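Below is start.pdb, which holds PDB, N, CA and C atoms and all ligand atoms.
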ATOM      1  N   MET X   1     -13.778  -4.649  12.188  1.00  0.00           N
ATOM      2  CA  MET X   1     -13.583  -3.226  11.952  1.00  0.00           C
ATOM      3  C   MET X   1     -13.475  -2.965  10.450  1.00  0.00           C
ATOM      4  N   THR X   2     -14.074  -1.907   9.991  1.00  0.00           N
ATOM      5  CA  THR X   2     -13.924  -1.537   8.584  1.00  0.00           C
ATOM      6  C   THR X   2     -13.220  -0.193   8.529  1.00  0.00           C
ATOM      7  N   PHE X   3     -12.651   0.079   7.398  1.00  0.00           N
ATOM      8  CA  PHE X   3     -11.900   1.307   7.235  1.00  0.00           C
ATOM      9  C   PHE X   3     -12.136   1.832   5.835  1.00  0.00           C
ATOM     10  N   HIS X   4     -12.399   3.115   5.717  1.00  0.00           N
ATOM     11  CA  HIS X   4     -12.526   3.713   4.397  1.00  0.00           C
ATOM     12  C   HIS X   4     -11.449   4.776   4.264  1.00  0.00           C
ATOM     13  N   CYS X   5     -10.682   4.680   3.228  1.00  0.00           N
ATOM     14  CA  CYS X   5      -9.629   5.655   3.006  1.00  0.00           C
ATOM     15  C   CYS X   5     -10.049   6.588   1.876  1.00  0.00           C
ATOM     16  N   LYS X   6      -9.871   7.872   2.085  1.00  0.00           N
ATOM     17  CA  LYS X   6     -10.262   8.861   1.066  1.00  0.00           C
ATOM     18  C   LYS X   6      -9.407   8.738  -0.195  1.00  0.00           C
ATOM     19  N   ASN X   7      -8.278   8.074  -0.080  1.00  0.00           N
ATOM     20  CA  ASN X   7      -7.389   7.924  -1.242  1.00  0.00           C
ATOM     21  C   ASN X   7      -7.735   6.715  -2.103  1.00  0.00           C
ATOM     22  N   TYR X   8      -8.635   5.889  -1.612  1.00  0.00           N
ATOM     23  CA  TYR X   8      -8.966   4.664  -2.351  1.00  0.00           C
ATOM     24  C   TYR X   8      -9.971   4.954  -3.458  1.00  0.00           C
ATOM     25  N   ASP X   9      -9.607   4.590  -4.682  1.00  0.00           N
ATOM     26  CA  ASP X   9     -10.492   4.739  -5.836  1.00  0.00           C
ATOM     27  C   ASP X   9     -11.203   3.414  -6.044  1.00  0.00           C
ATOM     28  N   ILE X  10     -12.458   3.369  -5.623  1.00  0.00           N
ATOM     29  CA  ILE X  10     -13.206   2.117  -5.664  1.00  0.00           C
ATOM     30  C   ILE X  10     -13.434   1.625  -7.095  1.00  0.00           C
ATOM     31  N   ASN X  11     -13.552   2.526  -8.038  1.00  0.00           N
ATOM     32  CA  ASN X  11     -13.796   2.118  -9.433  1.00  0.00           C
ATOM     33  C   ASN X  11     -12.572   1.457 -10.058  1.00  0.00           C
ATOM     34  N   LYS X  12     -11.420   1.950  -9.731  1.00  0.00           N
ATOM     35  CA  LYS X  12     -10.187   1.394 -10.308  1.00  0.00           C
ATOM     36  C   LYS X  12      -9.500   0.399  -9.374  1.00  0.00           C
ATOM     37  N   ASP X  13     -10.007   0.290  -8.145  1.00  0.00           N
ATOM     38  CA  ASP X  13      -9.401  -0.578  -7.141  1.00  0.00           C
ATOM     39  C   ASP X  13      -7.921  -0.225  -6.968  1.00  0.00           C
ATOM     40  N   LYS X  14      -7.660   1.083  -6.845  1.00  0.00           N
ATOM     41  CA  LYS X  14      -6.280   1.576  -6.736  1.00  0.00           C
ATOM     42  C   LYS X  14      -6.193   2.683  -5.693  1.00  0.00           C
ATOM     43  N   CYS X  15      -4.984   2.938  -5.251  1.00  0.00           N
ATOM     44  CA  CYS X  15      -4.714   4.055  -4.355  1.00  0.00           C
ATOM     45  C   CYS X  15      -4.414   5.286  -5.207  1.00  0.00           C
ATOM     46  N   LYS X  16      -5.206   6.340  -5.016  1.00  0.00           N
ATOM     47  CA  LYS X  16      -4.988   7.567  -5.794  1.00  0.00           C
ATOM     48  C   LYS X  16      -3.718   8.283  -5.340  1.00  0.00           C
ATOM     49  N   LYS X  17      -3.430   8.191  -4.053  1.00  0.00           N
ATOM     50  CA  LYS X  17      -2.244   8.879  -3.504  1.00  0.00           C
ATOM     51  C   LYS X  17      -0.963   8.255  -4.057  1.00  0.00           C
ATOM     52  N   LEU X  18      -0.929   6.923  -4.050  1.00  0.00           N
ATOM     53  CA  LEU X  18       0.307   6.234  -4.437  1.00  0.00           C
ATOM     54  C   LEU X  18       0.275   5.738  -5.875  1.00  0.00           C
ATOM     55  N   LYS X  19      -0.853   5.985  -6.542  1.00  0.00           N
ATOM     56  CA  LYS X  19      -1.006   5.598  -7.947  1.00  0.00           C
ATOM     57  C   LYS X  19      -0.650   4.126  -8.186  1.00  0.00           C
ATOM     58  N   GLY X  20      -1.215   3.302  -7.337  1.00  0.00           N
ATOM     59  CA  GLY X  20      -0.961   1.873  -7.486  1.00  0.00           C
ATOM     60  C   GLY X  20      -1.856   1.075  -6.576  1.00  0.00           C
ATOM     61  N   GLU X  21      -1.419  -0.138  -6.313  1.00  0.00           N
ATOM     62  CA  GLU X  21      -2.192  -1.058  -5.505  1.00  0.00           C
ATOM     63  C   GLU X  21      -2.414  -0.519  -4.079  1.00  0.00           C
ATOM     64  N   CYS X  22      -3.630  -0.690  -3.579  1.00  0.00           N
ATOM     65  CA  CYS X  22      -3.909  -0.330  -2.189  1.00  0.00           C
ATOM     66  C   CYS X  22      -3.477  -1.484  -1.304  1.00  0.00           C
ATOM     67  N   VAL X  23      -2.417  -1.237  -0.543  1.00  0.00           N
ATOM     68  CA  VAL X  23      -1.949  -2.211   0.442  1.00  0.00           C
ATOM     69  C   VAL X  23      -1.805  -1.424   1.742  1.00  0.00           C
ATOM     70  N   PRO X  24      -2.841  -1.449   2.572  1.00  0.00           N
ATOM     71  CA  PRO X  24      -2.803  -0.652   3.803  1.00  0.00           C
ATOM     72  C   PRO X  24      -1.530  -0.903   4.614  1.00  0.00           C
ATOM     73  N   GLY X  25      -0.849   0.188   4.959  1.00  0.00           N
ATOM     74  CA  GLY X  25       0.376   0.076   5.748  1.00  0.00           C
ATOM     75  C   GLY X  25       1.633   0.118   4.906  1.00  0.00           C
ATOM     76  N   ARG X  26       1.471   0.103   3.557  1.00  0.00           N
ATOM     77  CA  ARG X  26       2.649   0.147   2.687  1.00  0.00           C
ATOM     78  C   ARG X  26       3.367   1.489   2.840  1.00  0.00           C
ATOM     79  N   LYS X  27       4.553   1.546   2.299  1.00  0.00           N
ATOM     80  CA  LYS X  27       5.354   2.760   2.399  1.00  0.00           C
ATOM     81  C   LYS X  27       4.586   3.955   1.802  1.00  0.00           C
ATOM     82  N   ALA X  28       4.508   5.056   2.535  1.00  0.00           N
ATOM     83  CA  ALA X  28       3.839   6.301   2.141  1.00  0.00           C
ATOM     84  C   ALA X  28       2.319   6.239   2.232  1.00  0.00           C
ATOM     85  N   CYS X  29       1.777   5.125   2.649  1.00  0.00           N
ATOM     86  CA  CYS X  29       0.333   5.021   2.909  1.00  0.00           C
ATOM     87  C   CYS X  29       0.030   5.845   4.160  1.00  0.00           C
ATOM     88  N   VAL X  30      -1.185   6.394   4.237  1.00  0.00           N
ATOM     89  CA  VAL X  30      -1.555   7.188   5.409  1.00  0.00           C
ATOM     90  C   VAL X  30      -1.528   6.356   6.700  1.00  0.00           C
ATOM     91  N   LEU X  31      -1.583   5.057   6.556  1.00  0.00           N
ATOM     92  CA  LEU X  31      -1.590   4.172   7.727  1.00  0.00           C
ATOM     93  C   LEU X  31      -0.207   3.668   8.112  1.00  0.00           C
ATOM     94  N   GLU X  32       0.794   3.983   7.306  1.00  0.00           N
ATOM     95  CA  GLU X  32       2.142   3.468   7.575  1.00  0.00           C
ATOM     96  C   GLU X  32       2.570   3.815   8.999  1.00  0.00           C
ATOM     97  N   GLY X  33       2.933   2.811   9.755  1.00  0.00           N
ATOM     98  CA  GLY X  33       3.405   3.004  11.117  1.00  0.00           C
ATOM     99  C   GLY X  33       2.318   3.298  12.129  1.00  0.00           C
ATOM    100  N   ARG X  34       1.065   3.351  11.687  1.00  0.00           N
ATOM    101  CA  ARG X  34      -0.027   3.716  12.601  1.00  0.00           C
ATOM    102  C   ARG X  34      -0.898   2.528  12.976  1.00  0.00           C
ATOM    103  N   VAL X  35      -0.721   1.438  12.264  1.00  0.00           N
ATOM    104  CA  VAL X  35      -1.541   0.256  12.542  1.00  0.00           C
ATOM    105  C   VAL X  35      -0.653  -0.980  12.622  1.00  0.00           C
ATOM    106  N   ALA X  36      -1.142  -1.959  13.344  1.00  0.00           N
ATOM    107  CA  ALA X  36      -0.464  -3.251  13.362  1.00  0.00           C
ATOM    108  C   ALA X  36      -1.041  -4.065  12.211  1.00  0.00           C
ATOM    109  N   VAL X  37      -0.176  -4.629  11.397  1.00  0.00           N
ATOM    110  CA  VAL X  37      -0.665  -5.404  10.260  1.00  0.00           C
ATOM    111  C   VAL X  37      -0.424  -6.894  10.497  1.00  0.00           C
ATOM    112  N   SER X  38      -1.239  -7.695   9.840  1.00  0.00           N
ATOM    113  CA  SER X  38      -1.118  -9.144   9.969  1.00  0.00           C
ATOM    114  C   SER X  38       0.176  -9.604   9.293  1.00  0.00           C
ATOM    115  N   GLU X  39       0.591 -10.818   9.621  1.00  0.00           N
ATOM    116  CA  GLU X  39       1.801 -11.365   8.981  1.00  0.00           C
ATOM    117  C   GLU X  39       1.612 -11.450   7.477  1.00  0.00           C
ATOM    118  N   GLU X  40       0.403 -11.803   7.058  1.00  0.00           N
ATOM    119  CA  GLU X  40       0.099 -11.925   5.629  1.00  0.00           C
ATOM    120  C   GLU X  40       0.261 -10.570   4.927  1.00  0.00           C
ATOM    121  N   LEU X  41      -0.267  -9.532   5.546  1.00  0.00           N
ATOM    122  CA  LEU X  41      -0.162  -8.199   4.954  1.00  0.00           C
ATOM    123  C   LEU X  41       1.283  -7.701   5.002  1.00  0.00           C
ATOM    124  N   GLU X  42       1.972  -8.011   6.068  1.00  0.00           N
ATOM    125  CA  GLU X  42       3.383  -7.632   6.190  1.00  0.00           C
ATOM    126  C   GLU X  42       4.184  -8.231   5.023  1.00  0.00           C
ATOM    127  N   GLU X  43       3.888  -9.481   4.706  1.00  0.00           N
ATOM    128  CA  GLU X  43       4.566 -10.173   3.599  1.00  0.00           C
ATOM    129  C   GLU X  43       4.226  -9.497   2.263  1.00  0.00           C
ATOM    130  N   LYS X  44       2.971  -9.109   2.104  1.00  0.00           N
ATOM    131  CA  LYS X  44       2.542  -8.433   0.871  1.00  0.00           C
ATOM    132  C   LYS X  44       3.271  -7.087   0.728  1.00  0.00           C
ATOM    133  N   ILE X  45       3.404  -6.366   1.836  1.00  0.00           N
ATOM    134  CA  ILE X  45       4.103  -5.073   1.830  1.00  0.00           C
ATOM    135  C   ILE X  45       5.575  -5.286   1.476  1.00  0.00           C
ATOM    136  N   ARG X  46       6.183  -6.323   2.062  1.00  0.00           N
ATOM    137  CA  ARG X  46       7.593  -6.597   1.800  1.00  0.00           C
ATOM    138  C   ARG X  46       7.811  -6.904   0.308  1.00  0.00           C
ATOM    139  N   LYS X  47       6.920  -7.712  -0.266  1.00  0.00           N
ATOM    140  CA  LYS X  47       7.047  -8.043  -1.691  1.00  0.00           C
ATOM    141  C   LYS X  47       6.860  -6.801  -2.562  1.00  0.00           C
ATOM    142  N   LEU X  48       5.896  -5.960  -2.194  1.00  0.00           N
ATOM    143  CA  LEU X  48       5.657  -4.733  -2.951  1.00  0.00           C
ATOM    144  C   LEU X  48       6.884  -3.823  -2.886  1.00  0.00           C
ATOM    145  N   ASP X  49       7.458  -3.668  -1.702  1.00  0.00           N
ATOM    146  CA  ASP X  49       8.664  -2.842  -1.537  1.00  0.00           C
ATOM    147  C   ASP X  49       9.801  -3.375  -2.403  1.00  0.00           C
ATOM    148  N   ASN X  50       9.948  -4.704  -2.422  1.00  0.00           N
ATOM    149  CA  ASN X  50      11.003  -5.307  -3.249  1.00  0.00           C
ATOM    150  C   ASN X  50      10.768  -5.021  -4.723  1.00  0.00           C
ATOM    151  N   ARG X  51       9.497  -5.171  -5.136  1.00  0.00           N
ATOM    152  CA  ARG X  51       9.158  -4.902  -6.547  1.00  0.00           C
ATOM    153  C   ARG X  51       9.469  -3.454  -6.902  1.00  0.00           C
ATOM    154  N   LEU X  52       9.071  -2.538  -6.031  1.00  0.00           N
ATOM    155  CA  LEU X  52       9.273  -1.117  -6.307  1.00  0.00           C
ATOM    156  C   LEU X  52      10.748  -0.747  -6.299  1.00  0.00           C
ATOM    157  N   SER X  53      11.524  -1.340  -5.389  1.00  0.00           N
ATOM    158  CA  SER X  53      12.947  -0.987  -5.348  1.00  0.00           C
ATOM    159  C   SER X  53      13.667  -1.561  -6.564  1.00  0.00           C
ATOM    160  N   ARG X  54      13.218  -2.707  -7.064  1.00  0.00           N
ATOM    161  CA  ARG X  54      13.823  -3.243  -8.294  1.00  0.00           C
ATOM    162  C   ARG X  54      13.536  -2.338  -9.477  1.00  0.00           C
ATOM    163  N   LYS X  55      12.295  -1.820  -9.525  1.00  0.00           N
ATOM    164  CA  LYS X  55      11.926  -0.896 -10.606  1.00  0.00           C
ATOM    165  C   LYS X  55      12.799   0.350 -10.564  1.00  0.00           C
ATOM    166  N   THR X  56      13.049   0.863  -9.349  1.00  0.00           N
ATOM    167  CA  THR X  56      13.868   2.054  -9.174  1.00  0.00           C
ATOM    168  C   THR X  56      15.298   1.804  -9.635  1.00  0.00           C
ATOM    169  N   GLU X  57      15.817   0.616  -9.312  1.00  0.00           N
ATOM    170  CA  GLU X  57      17.189   0.294  -9.714  1.00  0.00           C
ATOM    171  C   GLU X  57      17.300   0.208 -11.234  1.00  0.00           C
ATOM    172  N   ILE X  58      16.264  -0.350 -11.884  1.00  0.00           N
ATOM    173  CA  ILE X  58      16.285  -0.516 -13.346  1.00  0.00           C
ATOM    174  C   ILE X  58      16.037   0.828 -14.031  1.00  0.00           C
ATOM    175  N   GLY X  59      15.001   1.536 -13.547  1.00  0.00           N
ATOM    176  CA  GLY X  59      14.576   2.729 -14.250  1.00  0.00           C
ATOM    177  C   GLY X  59      15.238   3.938 -13.763  1.00  0.00           C
TER     178      GLY X  59
HETATM  179  S1  LIG F   1      -2.633   2.390   0.167  1.00  0.00           S
HETATM  180 FE1  LIG F   1      -3.090   3.452   2.065  1.00  0.00          FE
HETATM  181  S2  LIG F   1      -3.392   5.601   1.427  1.00  0.00           S
HETATM  182 FE2  LIG F   1      -3.603   4.318  -0.363  1.00  0.00          FE
HETATM  183  S3  LIG F   1      -5.790   3.894  -0.544  1.00  0.00           S
HETATM  184 FE3  LIG F   1      -4.844   2.195   0.535  1.00  0.00          FE
HETATM  185  S4  LIG F   1      -5.110   2.700   2.686  1.00  0.00           S
HETATM  186 FE4  LIG F   1      -5.394   4.580   1.536  1.00  0.00          FE
END
Written as structure tokens, how would this file's structure read?
Ligand code: SF4
Amino acid sequence: MTFHCKNYDINKDKCKKLKGECVPGRKACVLEGRVAVSEELEEKIRKLDNRLSRKTEIG
């Protein structure tokens, strides 16, 4: 299955909506809670969430 998201900027390889890395299913992604993600992707989302929450605590 392939998926094209209108928020994905192919030239910058970034999510325009979230102004960062495209990780399908991440927090605030249009797919959040709507798709089942692989364990690998789940781990990537968890690491991204940790990175973002650390940034919030610092900044
Ligand atoms: S993170 Fe989600 S909303 Fe953003 S481009 Fe990727 S699939 Fe689309």
So which residues are near ligand LIG 1 (chain F), meaning at most 6.5 Å away with all atoms listed in the file counted, given back as a ChimeraX atom specification? /X:5-9,14-18,21-26,28-31
Go ahead and dump the residues you just picked, N, CA and C atoms, as a PDB file, keeping the file's coordinate frame.
ATOM      1  N   CYS X   5     -10.682   4.680   3.228  1.00  0.00           N
ATOM      2  CA  CYS X   5      -9.629   5.655   3.006  1.00  0.00           C
ATOM      3  C   CYS X   5     -10.049   6.588   1.876  1.00  0.00           C
ATOM      4  N   LYS X   6      -9.871   7.872   2.085  1.00  0.00           N
ATOM      5  CA  LYS X   6     -10.262   8.861   1.066  1.00  0.00           C
ATOM      6  C   LYS X   6      -9.407   8.738  -0.195  1.00  0.00           C
ATOM      7  N   ASN X   7      -8.278   8.074  -0.080  1.00  0.00           N
ATOM      8  CA  ASN X   7      -7.389   7.924  -1.242  1.00  0.00           C
ATOM      9  C   ASN X   7      -7.735   6.715  -2.103  1.00  0.00           C
ATOM     10  N   TYR X   8      -8.635   5.889  -1.612  1.00  0.00           N
ATOM     11  CA  TYR X   8      -8.966   4.664  -2.351  1.00  0.00           C
ATOM     12  C   TYR X   8      -9.971   4.954  -3.458  1.00  0.00           C
ATOM     13  N   ASP X   9      -9.607   4.590  -4.682  1.00  0.00           N
ATOM     14  CA  ASP X   9     -10.492   4.739  -5.836  1.00  0.00           C
ATOM     15  C   ASP X   9     -11.203   3.414  -6.044  1.00  0.00           C
ATOM     16  N   LYS X  14      -7.660   1.083  -6.845  1.00  0.00           N
ATOM     17  CA  LYS X  14      -6.280   1.576  -6.736  1.00  0.00           C
ATOM     18  C   LYS X  14      -6.193   2.683  -5.693  1.00  0.00           C
ATOM     19  N   CYS X  15      -4.984   2.938  -5.251  1.00  0.00           N
ATOM     20  CA  CYS X  15      -4.714   4.055  -4.355  1.00  0.00           C
ATOM     21  C   CYS X  15      -4.414   5.286  -5.207  1.00  0.00           C
ATOM     22  N   LYS X  16      -5.206   6.340  -5.016  1.00  0.00           N
ATOM     23  CA  LYS X  16      -4.988   7.567  -5.794  1.00  0.00           C
ATOM     24  C   LYS X  16      -3.718   8.283  -5.340  1.00  0.00           C
ATOM     25  N   LYS X  17      -3.430   8.191  -4.053  1.00  0.00           N
ATOM     26  CA  LYS X  17      -2.244   8.879  -3.504  1.00  0.00           C
ATOM     27  C   LYS X  17      -0.963   8.255  -4.057  1.00  0.00           C
ATOM     28  N   LEU X  18      -0.929   6.923  -4.050  1.00  0.00           N
ATOM     29  CA  LEU X  18       0.307   6.234  -4.437  1.00  0.00           C
ATOM     30  C   LEU X  18       0.275   5.738  -5.875  1.00  0.00           C
ATOM     31  N   GLU X  21      -1.419  -0.138  -6.313  1.00  0.00           N
ATOM     32  CA  GLU X  21      -2.192  -1.058  -5.505  1.00  0.00           C
ATOM     33  C   GLU X  21      -2.414  -0.519  -4.079  1.00  0.00           C
ATOM     34  N   CYS X  22      -3.630  -0.690  -3.579  1.00  0.00           N
ATOM     35  CA  CYS X  22      -3.909  -0.330  -2.189  1.00  0.00           C
ATOM     36  C   CYS X  22      -3.477  -1.484  -1.304  1.00  0.00           C
ATOM     37  N   VAL X  23      -2.417  -1.237  -0.543  1.00  0.00           N
ATOM     38  CA  VAL X  23      -1.949  -2.211   0.442  1.00  0.00           C
ATOM     39  C   VAL X  23      -1.805  -1.424   1.742  1.00  0.00           C
ATOM     40  N   PRO X  24      -2.841  -1.449   2.572  1.00  0.00           N
ATOM     41  CA  PRO X  24      -2.803  -0.652   3.803  1.00  0.00           C
ATOM     42  C   PRO X  24      -1.530  -0.903   4.614  1.00  0.00           C
ATOM     43  N   GLY X  25      -0.849   0.188   4.959  1.00  0.00           N
ATOM     44  CA  GLY X  25       0.376   0.076   5.748  1.00  0.00           C
ATOM     45  C   GLY X  25       1.633   0.118   4.906  1.00  0.00           C
ATOM     46  N   ARG X  26       1.471   0.103   3.557  1.00  0.00           N
ATOM     47  CA  ARG X  26       2.649   0.147   2.687  1.00  0.00           C
ATOM     48  C   ARG X  26       3.367   1.489   2.840  1.00  0.00           C
ATOM     49  N   ALA X  28       4.508   5.056   2.535  1.00  0.00           N
ATOM     50  CA  ALA X  28       3.839   6.301   2.141  1.00  0.00           C
ATOM     51  C   ALA X  28       2.319   6.239   2.232  1.00  0.00           C
ATOM     52  N   CYS X  29       1.777   5.125   2.649  1.00  0.00           N
ATOM     53  CA  CYS X  29       0.333   5.021   2.909  1.00  0.00           C
ATOM     54  C   CYS X  29       0.030   5.845   4.160  1.00  0.00           C
ATOM     55  N   VAL X  30      -1.185   6.394   4.237  1.00  0.00           N
ATOM     56  CA  VAL X  30      -1.555   7.188   5.409  1.00  0.00           C
ATOM     57  C   VAL X  30      -1.528   6.356   6.700  1.00  0.00           C
ATOM     58  N   LEU X  31      -1.583   5.057   6.556  1.00  0.00           N
ATOM     59  CA  LEU X  31      -1.590   4.172   7.727  1.00  0.00           C
ATOM     60  C   LEU X  31      -0.207   3.668   8.112  1.00  0.00           C
TER      61      LEU X  31
END
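A straight line drawn from atom C of Glu57 (chain X) to atom N of Lys19 (chain X) is 19.6 Å long.
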CA of Leu48 (chain X) to CA of Lys12 (chain X), distance in Å rounded to a single decimal: 18.5 Å
Quick one: pick out all helix (DSSP H, G or I) residues within chain X from a backbone DSSP run and write them as a PyMOL selection string. chain X and resi 39-58
Could you pull out the strand (DSSP E or B) residues of chain X, going by DSSP on the backbone, and write them as JSON, numbers by chain? {"X": [8, 9, 14, 15, 20]}
Dump as a compact mmCIF listing (two decimals), keeping the file's coordinate frame, selection limited to N, CA and C atoms:
# COMPACT_ATOMS: atom_id res chain seq x y z
N TYR X 8 -8.64 5.89 -1.61
CA TYR X 8 -8.97 4.66 -2.35
C TYR X 8 -9.97 4.95 -3.46
N ASP X 9 -9.61 4.59 -4.68
CA ASP X 9 -10.49 4.74 -5.84
C ASP X 9 -11.20 3.41 -6.04
N LYS X 14 -7.66 1.08 -6.84
CA LYS X 14 -6.28 1.58 -6.74
C LYS X 14 -6.19 2.68 -5.69
N CYS X 15 -4.98 2.94 -5.25
CA CYS X 15 -4.71 4.06 -4.36
C CYS X 15 -4.41 5.29 -5.21
N GLY X 20 -1.22 3.30 -7.34
CA GLY X 20 -0.96 1.87 -7.49
C GLY X 20 -1.86 1.08 -6.58
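As for atom C of Leu41 (chain X) and CA of Lys27 (chain X), they are spaced 11.5 Å apart.
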Once 4 Å is added on each side, what centre and edge lengths in Å to one decimal does the axis-aligned box around all listed atoms of region 5-24 of chain X have, as AutoDock Vina command-line options?
--center_x -6.7 --center_y 3.3 --center_z -2.8 --size_x 22.1 --size_y 19.1 --size_z 22.9
